[in-house]
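Following: one structure in structure tokens, then a few remarks.
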Protein chains: 2
Amino acid sequence: MIDITEELAAFECIELPANASVFQQGQACENYMLVMGGSVKVFSRTATGRECVLYRITSGEICILTTACVLGGNHYPAEAVTESTVQAKLIPIANFNQLIDSSISFRKFVFNNFSQRLSDLMLKFEQINTESTYYRLQQFLLQQDDHIPLTHEQLAQEIGSAREVVSRHLKQLEKLNIITLRRGLILLIDRDKLSRQKVIVK
Amino acid sequence: MIDITEELAAFECIELPANASVFQQGQACENYMLVMGGSVKVFSRTATGRECVLYRITSGEICILTTACVLGGNHYPAEAVTESTVQAKLIPIANFNQLIDSSISFRKFVFNNFSQRLSDLMLKFEQINTESTYYRLQQFLLQQDDHIPLTHEQLAQEIGSAREVVSRHLKQLEKLNIITLRRGLILLIDRDKLSRQKVIVK
DNA sequence: TCAACTGTGTGACTTAGTCACTGAGCTACA
DNA sequence: TGTAGCTCAGTGACTAAGTCACACAGTTGA
């Protein structure tokens, strides 16, 4: 992790409540945001309102989507909301540009963030485009604890699918004694079997 | 356009033939590539071999996917091939990093490229995820000349769909006297009608 | 001129997403 | 403490998209 504490000391920290909109699709960009604590979810939305999580901005990360917007002269191509209380520093564009030129650390920091997001997006694109919904669901579940406090809706958003599709797959997995379903909660009871379960039998 | 002629004068220009692989999925990254002429197509591939064009690197652009790979320590998440004879300069990583630190122009140039790619990918993601295949096909056709020298396969790759699906939509459009189909060629004969044609009737 | 290749058309099938609706569980508050 | 109104989950019916297999037409080159 690159230390840019010194560079950012001058900027004041603000606090956002949970579930607050950070920016919306089509909105113009105004400030760089550096998240100091909490988590911001960046997602895109289909015509029918379905959400698909693209990535998260967590502590110590910068929202480089702003840079892309400012330099490209376009508006935000996605939405972002806070998932928890978020502490963040807002950096005006002029200050940001000045820091890029004056601080090697800050420059490297921003470059790293850019790279990471690009990689994240490529990976997400790959997954959504090349892997089946069931495979994405399976992999997502395997990455979690045995106790998964998510609704089917939230799960669908994480893997970029529809709630009904996820519900149906989960129901099949429950019938196979791989998981147990509770309201807003999934209990993973046979991780091994899940990792081996390639196809869902009707 | 930012002028970085001076910064790049020291690097020799190589030439690649058409249809040559530039990098493959999973490959490690070695050099930065700056395209001086011609076009490189970057695409991802599904498990069944279907390709989806992500973006193109054309004259004066740098393949920042390399930066993302180098900084992220990961391998190429996509493939790239030349679409024509391509002139390019290869810049070793050490020289690239040195240029970033020493030249404001070069830095801005790379930043702009990063931003543009991020925006491209977001846009592509949006389109593939939120728009119907027919809508993407319709929009793609409307962006072309009336004389479109592409096979259905190539068209499918551009919009990220399957050849058969594209073929079927095109056939419907031909029945409606909107286009004429020839081998390896589509003639757009009624642009207005195409732009109004919202739904394909069976 | 014909074999091999590339491009197109199409039927049958599977998977995913959408729509509409039902009912179960939770919670606030009258 | 009962219940209205909410969120969450389940499901049938349908459509869109992708996959698979195969037929055949146009093109190319030995």
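Identifiers in this document derive from the order of the structure tokens: chains are assigned A, B, ..., residues are numbered from 1 separately in each chain, and ligands are numbered from 1 in order of occurrence.
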Chain C near chain A within 9 Å: what's each residue's closest atom pair and its distance in Å to one decimal, counting only C-alpha atoms (C1' of nucleotides), ordered by chain then ascending residue number, as JSON lines?
```
{"residue": "C:DT15", "atom": "C1'", "partner": "A:Ser132", "partner_atom": "CA", "distance": 8.5}
{"residue": "C:DA16", "atom": "C1'", "partner": "A:Val165", "partner_atom": "CA", "distance": 7.4}
{"residue": "C:DG17", "atom": "C1'", "partner": "A:Ala162", "partner_atom": "CA", "distance": 6.6}
{"residue": "C:DT18", "atom": "C1'", "partner": "A:Thr48", "partner_atom": "CA", "distance": 8.7}
{"residue": "C:DG25", "atom": "C1'", "partner": "A:Arg183", "partner_atom": "CA", "distance": 7.7}
```
Within 6 Å of chain A, which residues of chain B come that close, and what is the closest atom pair and distance in Å for each? Count only C-alpha atoms and give it as JSON lines.
```
{"residue": "B:Thr46", "atom": "CA", "partner": "A:Thr130", "partner_atom": "CA", "distance": 4.2}
{"residue": "B:Ala47", "atom": "CA", "partner": "A:Thr130", "partner_atom": "CA", "distance": 5.9}
{"residue": "B:Ala68", "atom": "CA", "partner": "A:Ser115", "partner_atom": "CA", "distance": 4.0}
{"residue": "B:Ser115", "atom": "CA", "partner": "A:Ala68", "partner_atom": "CA", "distance": 4.1}
{"residue": "B:Thr130", "atom": "CA", "partner": "A:Thr46", "partner_atom": "CA", "distance": 4.2}
```
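Using only C-alpha atoms (C1' of nucleotides), one finds that the residues of chain D close to chain B, at 12 Å or less, are DA16, DA17, DG18, DT19, DC20, DA25, DG26 and DT27 of chain D.
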(request) List the neighbours of DC26 (chain C) out to 12 Å using only C-alpha atoms (C1' of nucleotides); skip same-chain residues closer than 4 positions along the sequence, and give me the result as an NGL selection string. (result) (:A and (183-184)) or (:D and (5-8))
(message) One number please: CA of Gly38 (chain B) to CA of Leu170 (chain B), in Å, one decimal.
(response) 29.7 Å
(message) What's around DT11 (chain D) at 12 Å? Count only C-alpha atoms (C1' of nucleotides), leave out sequence neighbours fewer than 5 positions away in its own chain, and write the answer as an MDAnalysis selection string.
(response) (chainID A and resid 164:165 167:168 171) or (chainID C and resid 19:23)
If we count only C-alpha atoms (C1' of nucleotides) and set the cut-off at 9 Å, which residues sit around Ile186 (chain A), ignoring sequence neighbours fewer than 6 positions away in its own chain? Please answer as a PDB file with C-alpha atoms, in the first residue's frame.
```pdb
ATOM      1  CA  ASP A 146     -20.911 -20.929   5.717  1.00  0.00           C
ATOM      2  CA  HIS A 147     -23.270 -18.283   7.073  1.00  0.00           C
ATOM      3  CA  ILE A 148     -24.287 -15.994   4.203  1.00  0.00           C
ATOM      4  CA  PRO A 149     -26.573 -13.144   5.342  1.00  0.00           C
ATOM      5  CA  LEU A 150     -27.833 -12.087   1.894  1.00  0.00           C
ATOM      6  CA  THR A 151     -31.237 -12.025   0.256  1.00  0.00           C
ATOM      7  CA  LEU A 170     -30.761 -22.046  -4.686  1.00  0.00           C
ATOM      8  CA  ILE A 179     -27.474 -25.399   1.507  1.00  0.00           C
ATOM      9  CA  THR A 180     -30.317 -24.456   3.840  1.00  0.00           C
TER      10      THR A 180
END
```
(message) I need the residues of region 16-133 of chain A that end up classed as strand (DSSP E) by DSSP on the backbone, written out as an MDAnalysis selection string.
(response) chainID A and resid 16 21:23 31:37 39:45 51:58 61:62 79:82 86:92
(request) Could you give me the residues within region 42-183 of chain B that DSSP places in helix (DSSP H, G or I), as a ChimeraX atom specification? (result) /B:65-72,93-102,104-130,133-142,152-159,163-175
(request) Pick out the closest residue to Arg182 (chain A) from this set: C:DA30, C:DC2, C:DA24, C:DA12. Count only C-alpha atoms (C1' of nucleotides). (result) C:DA24
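Going from CA of Ala10 (chain B) over to CA of Ile62 (chain B), you cover 16.3 Å.
Our summary of the geometry notes that CA of Leu141 (chain A) is positioned 8.0 Å from CA of Leu188 (chain A).
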